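Engineer: Following this line is input_12.csv, made up of CSV, C-alpha atoms:
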```csv
chain,number,residue,atom,x,y,z
R,1,MET,CA,149.7,109.7,167.0
R,2,GLU,CA,151.0,106.1,167.3
R,3,ILE,CA,153.2,104.7,164.5
R,4,SER,CA,152.1,101.3,163.3
R,5,GLU,CA,154.1,98.3,164.4
R,6,GLU,CA,154.4,97.2,160.7
R,7,LEU,CA,156.1,100.5,159.8
R,8,LYS,CA,158.4,100.4,162.9
R,9,LYS,CA,159.4,96.8,162.0
R,10,LEU,CA,160.1,97.7,158.4
R,11,VAL,CA,162.3,100.7,159.2
R,12,PHE,CA,164.2,98.9,162.0
R,13,ASP,CA,164.7,95.7,160.1
R,14,LYS,CA,165.9,97.5,157.0
R,15,SER,CA,168.2,99.6,159.0
R,16,ASP,CA,169.7,96.6,160.9
R,17,LEU,CA,170.2,94.8,157.6
R,18,LYS,CA,172.0,97.7,156.0
R,19,GLN,CA,174.2,98.2,159.0
R,20,SER,CA,175.0,94.5,158.9
R,21,VAL,CA,175.9,94.6,155.2
R,22,TYR,CA,178.1,97.7,155.8
R,23,LYS,CA,179.9,96.0,158.7
R,24,ALA,CA,180.6,92.9,156.6
R,25,THR,CA,181.8,95.0,153.6
R,26,LYS,CA,184.1,97.2,155.8
R,27,GLU,CA,185.6,94.1,157.4
R,28,THR,CA,186.2,92.7,153.9
R,29,PHE,CA,187.7,95.9,152.7
R,30,GLU,CA,190.1,96.0,155.6
R,31,GLN,CA,191.2,92.4,154.7
R,32,PHE,CA,191.9,93.7,151.2
R,33,ARG,CA,193.9,96.5,152.6
R,34,THR,CA,196.0,94.3,154.9
R,35,ILE,CA,196.6,91.6,152.4
R,36,THR,CA,197.5,94.1,149.6
R,37,GLN,CA,200.1,95.5,152.0
R,38,GLU,CA,201.5,92.0,152.6
R,39,ILE,CA,201.7,91.3,148.9
R,40,THR,CA,203.4,94.6,148.3
R,41,GLU,CA,206.1,93.8,150.9
R,42,ASP,CA,206.6,90.4,149.4
R,43,PHE,CA,207.1,91.8,146.0
R,44,LYS,CA,209.6,94.4,147.4
R,45,ARG,CA,211.6,91.6,149.1
R,46,LYS,CA,211.7,89.6,145.9
R,47,ALA,CA,212.8,92.6,143.9
R,48,VAL,CA,215.6,93.3,146.3
R,49,ALA,CA,216.7,89.7,146.3
R,50,ASP,CA,216.7,89.5,142.5
R,51,GLY,CA,218.2,92.9,141.9
R,52,ASN,CA,215.0,93.9,140.0
R,53,ARG,CA,214.2,97.5,139.6
R,54,THR,CA,210.4,97.2,139.6
R,55,VAL,CA,209.0,99.5,142.2
R,56,PHE,CA,206.0,98.4,144.4
R,57,GLU,CA,204.4,101.0,146.6
R,58,PHE,CA,201.4,100.8,148.9
R,59,ARG,CA,199.6,103.9,150.0
R,60,ASN,CA,196.5,104.5,152.1
R,61,ARG,CA,194.2,107.2,150.6
R,62,GLY,CA,191.7,107.3,153.5
R,63,ASP,CA,189.2,105.1,155.4
R,64,PHE,CA,187.6,103.8,152.2
R,65,GLU,CA,190.4,103.9,149.7
R,66,PHE,CA,194.0,102.6,149.1
R,67,GLU,CA,196.3,102.1,146.2
R,68,VAL,CA,199.2,99.9,145.1
R,69,LYS,CA,201.6,101.1,142.4
R,70,PHE,CA,203.8,98.8,140.3
R,71,ALA,CA,205.4,98.6,136.9
R,72,GLY,CA,203.9,101.9,135.6
R,73,ASP,CA,200.4,101.0,136.9
R,74,VAL,CA,198.2,101.9,139.8
R,75,LEU,CA,195.4,99.8,141.3
R,76,ILE,CA,193.0,101.7,143.4
R,77,PHE,CA,190.6,99.8,145.7
R,78,MET,CA,187.6,101.9,146.8
R,79,MET,CA,184.7,100.9,149.1
R,80,HIS,CA,181.4,102.6,148.5
R,81,THR,CA,179.8,103.6,151.8
R,82,ASN,CA,176.2,102.8,150.7
R,83,VAL,CA,174.4,99.5,150.5
R,84,PHE,CA,172.8,98.4,147.2
R,85,GLU,CA,170.2,95.8,146.0
R,86,PHE,CA,170.2,94.2,142.6
R,87,SER,CA,167.5,94.8,140.0
R,88,ARG,CA,164.8,92.1,139.7
R,89,ASN,CA,166.3,91.0,136.4
R,90,HIS,CA,169.8,90.5,137.7
R,91,GLU,CA,171.1,86.9,137.7
R,92,VAL,CA,171.8,87.0,141.4
R,93,MET,CA,168.1,87.4,142.1
R,94,LYS,CA,167.4,84.1,140.3
R,95,THR,CA,169.7,82.0,142.6
R,96,PRO,CA,168.3,79.6,145.2
R,97,TYR,CA,170.5,81.4,147.8
R,98,VAL,CA,168.7,84.7,147.3
R,99,LYS,CA,165.2,83.2,146.6
R,100,ASP,CA,165.4,81.4,150.0
R,101,LEU,CA,166.1,84.7,151.8
R,102,PRO,CA,165.7,87.9,149.7
R,103,GLN,CA,167.7,90.0,152.2
R,104,ARG,CA,170.8,88.3,151.0
R,105,SER,CA,170.6,90.3,147.8
R,106,TYR,CA,171.6,93.5,149.7
R,107,CYS,CA,175.4,94.1,149.2
R,108,GLY,CA,178.2,96.5,149.7
R,109,ILE,CA,180.6,97.2,146.9
R,110,ILE,CA,184.4,97.4,146.6
R,111,HIS,CA,185.6,98.8,143.3
R,112,ILE,CA,188.9,98.1,141.7
R,113,TYR,CA,190.3,100.7,139.3
R,114,ASN,CA,193.4,100.6,137.1
R,115,PHE,CA,195.2,103.9,136.1
R,116,LEU,CA,198.6,104.7,134.6
R,117,ALA,CA,201.0,105.7,137.3
R,118,ASP,CA,202.2,108.6,135.1
R,119,SER,CA,198.7,110.0,135.1
R,120,PHE,CA,199.1,110.9,138.8
R,121,THR,CA,202.8,111.6,138.7
R,122,TYR,CA,202.3,114.3,136.0
R,123,ASP,CA,198.9,115.5,137.0
R,124,ARG,CA,197.3,114.4,133.7
R,125,GLU,CA,193.7,115.0,134.9
R,126,ALA,CA,192.2,114.2,131.6
R,127,ASP,CA,193.6,110.6,131.6
R,128,ILE,CA,191.3,107.7,131.7
R,129,GLY,CA,191.2,104.9,134.3
R,130,TYR,CA,189.3,101.6,134.0
R,131,MET,CA,187.2,99.8,136.5
R,132,ILE,CA,188.5,96.2,136.1
R,133,GLY,CA,186.2,94.7,138.7
R,134,ARG,CA,183.8,95.3,141.6
R,135,VAL,CA,183.3,93.0,144.5
R,136,PHE,CA,179.8,92.6,146.0
R,137,VAL,CA,179.6,91.5,149.6
R,138,ASN,CA,176.4,90.7,151.6
R,139,ASN,CA,175.8,90.5,155.4
R,140,GLU,CA,176.9,86.8,155.4
R,141,LYS,CA,180.1,87.7,153.6
R,142,HIS,CA,179.0,85.8,150.5
R,143,TYR,CA,180.5,87.5,147.5
R,144,PHE,CA,180.8,87.6,143.7
R,145,ILE,CA,182.6,89.8,141.2
R,146,GLU,CA,181.7,91.6,138.1
R,147,GLY,CA,184.7,92.3,136.0
R,148,LYS,CA,187.2,91.6,133.3
R,149,ARG,CA,188.7,88.2,132.4
R,150,GLU,CA,190.2,86.6,135.5
R,151,LEU,CA,188.2,88.8,137.9
R,152,GLY,CA,184.8,88.2,136.2
R,153,VAL,CA,185.1,84.5,135.5
R,154,LEU,CA,186.7,83.0,138.6
R,155,TYR,CA,184.5,84.5,141.3
R,156,ASN,CA,180.9,84.4,140.3
R,157,ASN,CA,179.3,81.8,142.5
R,158,PHE,CA,177.3,83.9,145.0
R,159,ASN,CA,175.6,80.8,146.5
R,160,THR,CA,178.8,79.3,148.0
R,161,ALA,CA,181.6,81.8,147.7
R,162,VAL,CA,182.5,83.3,151.1
R,163,ILE,CA,185.1,85.9,151.8
R,164,SER,CA,188.3,84.5,153.4
R,165,PRO,CA,192.0,85.6,153.5
R,166,GLU,CA,192.7,83.1,150.7
R,167,SER,CA,189.9,84.3,148.5
R,168,VAL,CA,190.9,88.0,149.0
R,169,GLN,CA,194.5,87.1,148.1
R,170,LYS,CA,193.4,85.4,144.9
R,171,ILE,CA,191.3,88.4,143.9
R,172,ILE,CA,194.2,90.8,144.4
R,173,GLU,CA,196.6,88.6,142.5
R,174,SER,CA,194.0,88.3,139.7
R,175,ALA,CA,193.7,92.1,139.6
R,176,ILE,CA,197.5,92.4,139.4
R,177,THR,CA,197.7,89.7,136.7
R,178,TYR,CA,195.0,91.4,134.6
R,179,THR,CA,196.6,94.8,135.0
R,180,THR,CA,200.0,93.5,134.0
R,181,ASN,CA,198.6,92.0,130.8
R,182,PHE,CA,196.4,95.0,130.0
R,183,ASP,CA,198.9,96.9,127.9
R,184,LEU,CA,199.0,100.6,126.8
R,185,LEU,CA,198.4,100.7,123.1
R,186,THR,CA,199.2,103.5,120.7
R,187,PRO,CA,196.1,105.6,120.0
R,188,PRO,CA,194.8,105.9,116.4
R,189,TYR,CA,196.9,108.2,114.3
R,190,ASP,CA,194.0,110.4,113.2
R,191,GLU,CA,193.2,111.1,116.9
R,192,VAL,CA,196.6,112.6,117.7
R,193,LYS,CA,197.8,114.1,114.4
R,194,LEU,CA,196.7,117.7,115.3
R,195,VAL,CA,198.4,119.5,118.1
R,196,SER,CA,197.7,123.2,119.1
R,197,VAL,CA,200.4,125.8,119.7
R,198,ALA,CA,199.2,126.0,123.3
R,199,GLU,CA,199.7,122.2,123.8
R,200,MET,CA,203.2,122.4,122.3
R,201,LYS,CA,204.1,125.2,124.7
R,202,THR,CA,203.5,122.9,127.6
R,203,THR,CA,205.7,119.8,128.4
R,204,PHE,CA,204.7,116.7,126.6
R,205,ASP,CA,203.6,114.9,129.7
R,206,ARG,CA,201.3,117.8,130.8
R,207,LYS,CA,199.6,118.7,127.6
R,208,PRO,CA,195.9,118.0,127.6
R,209,MET,CA,195.9,114.9,125.5
R,210,VAL,CA,193.9,112.1,127.1
R,211,THR,CA,195.8,108.8,127.7
R,212,GLY,CA,194.2,105.5,128.4
R,213,LYS,CA,195.2,101.9,127.8
R,214,ARG,CA,192.4,101.3,125.2
R,215,LEU,CA,191.6,104.8,124.2
R,216,GLY,CA,190.1,104.8,120.7
R,217,PHE,CA,190.2,101.1,120.3
R,218,ARG,CA,187.6,98.4,120.8
R,219,PHE,CA,188.7,94.9,121.7
R,220,GLN,CA,186.5,91.8,122.3
R,221,GLN,CA,187.9,91.3,125.8
R,222,ASP,CA,186.9,94.9,126.7
R,223,MET,CA,183.3,94.6,125.4
R,224,ASP,CA,182.0,92.1,128.0
```
So that I can check it, write out the structure of this file as structure tokens.

Structural biologist:
Amino acid sequence: MEISEELKKLVFDKSDLKQSVYKATKETFEQFRTITQEITEDFKRKAVADGNRTVFEFRNRGDFEFEVKFAGDVLIFMMHTNVFEFSRNHEVMKTPYVKDLPQRSYCGIIHIYNFLADSFTYDREADIGYMIGRVFVNNEKHYFIEGKRELGVLYNNFNTAVISPESVQKIIESAITYTTNFDLLTPPYDEVKLVSVAEMKTTFDRKPMVTGKRLGFRFQQDMD
């Protein structure tokens, strides 16, 4: 039985599009990896020159993940291996750029997470991390970001914003800025006033009490 030409075209065209988006996203992710390494080395040199004790460490965590640790925080950059399209109601779908060519709405995603460094150092598996931004990249390397403060406000023009080494550096620097200003706050007293005997028999850093920068609090800047 012969397959219809329409079906062949649909399958092949969609496959080619997704492969193109994946390639563009992977290339963008490798730019993030390389430039994050360069920024880390620059911080290290500055720390040594100034006699500063702040530690900056870069570490690869696989083909689709890497991290940078600094000043008690960890930023993890993670590329999703799948390709996504936006819902019909998303603002991106209303832009002239996408209306002119709907295929432009298909994107890969790079997530940026913030964790406390001690959460990994002391294996506190119950601790909470925060996704502070996610970068959407299409097959033409146009991009925009959903995220907090600097990340969500500065990079939201999908029509004209194209990934470049300069834009990648600005995104990374904005992520570091946001993380540095995103402080760990004391949890509400009533949430931590009861401690079991089992918890007290463990070390303080290992007892199963969840730690997160905004745990138990609600702030306006964290509600957007």

Engineer: Residues at most 12 Å from segment 87-90 of chain R, counting only C-alpha atoms, excluding those fewer than 3 positions away in the same chain, as a list in words?

Structural biologist: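 Listing them by chain and then by number gives Phe84, Met93, Lys94, Thr95, Val98, Lys99, Pro102, Ser105, Tyr106 and Glu146 of chain R.
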
Engineer: With all atoms listed in the file as the atoms that count, which of R:Ile39, R:Met131, R:Leu10, R:Ala49 lies nearest to Phe70 of chain R?

Structural biologist: R:Ile39

Engineer: So that I can see what lies close to Glu57 of chain R, please list as a PyMOL selection string the residues with an atom at most 9 Å from it, counting all atoms listed in the file and leaving out residues fewer than 2 positions away in the same chain.

Structural biologist: chain R and resi 37+40-41+44+55+59+67-70

Engineer: Generate the output file for the selected residues, C-alpha atoms, as a CSV table (one decimal), keeping the file's coordinate frame.

Structural biologist:
```
chain,number,residue,atom,x,y,z
R,37,GLN,CA,200.1,95.5,152.0
R,40,THR,CA,203.4,94.6,148.3
R,41,GLU,CA,206.1,93.8,150.9
R,44,LYS,CA,209.6,94.4,147.4
R,55,VAL,CA,209.0,99.5,142.2
R,59,ARG,CA,199.6,103.9,150.0
R,67,GLU,CA,196.3,102.1,146.2
R,68,VAL,CA,199.2,99.9,145.1
R,69,LYS,CA,201.6,101.1,142.4
R,70,PHE,CA,203.8,98.8,140.3
```

Engineer: Which residues, protein or nucleic acid, reach to within 6 Å of (183.7, 86.7, 150.0) in the file's coordinates when using all atoms listed in the file, and can you give that as an MDAnalysis selection string?

Structural biologist: chainID R and resid 141:143 161:163

Engineer: Save the residues we just selected, C-alpha atoms, as a short mmCIF file (atom, residue, chain, number, x, y, z; two decimals), in the frame of the given file?

Structural biologist:
```cif
data_model
loop_
_atom_site.label_atom_id
_atom_site.label_comp_id
_atom_site.auth_asym_id
_atom_site.auth_seq_id
_atom_site.Cartn_x
_atom_site.Cartn_y
_atom_site.Cartn_z
CA LYS R 141 180.10 87.70 153.60
CA HIS R 142 179.00 85.80 150.50
CA TYR R 143 180.50 87.50 147.50
CA ALA R 161 181.60 81.80 147.70
CA VAL R 162 182.50 83.30 151.10
CA ILE R 163 185.10 85.90 151.80
#
```

Engineer: Considering all atoms listed in the file, state which residue in the set R:Leu116, R:Ile109, R:Val11, R:Ile35 is at the smallest distance from Pro165 of chain R.

Structural biologist: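 So, comparing all the options, the nearest one is R:Ile35.
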
Engineer: Using only C-alpha atoms for the distances, tell me which of R:Val135, R:Ala71, R:Leu7, R:Met1 is nearest to Phe182 of chain R.

Structural biologist: R:Ala71

Engineer: Using all atoms listed in the file, pick whichever of R:Arg124, R:Lys170, R:Lys148, R:His80 has the shortest atom-to-atom distance to Phe32 of chain R.

Structural biologist: R:Lys170
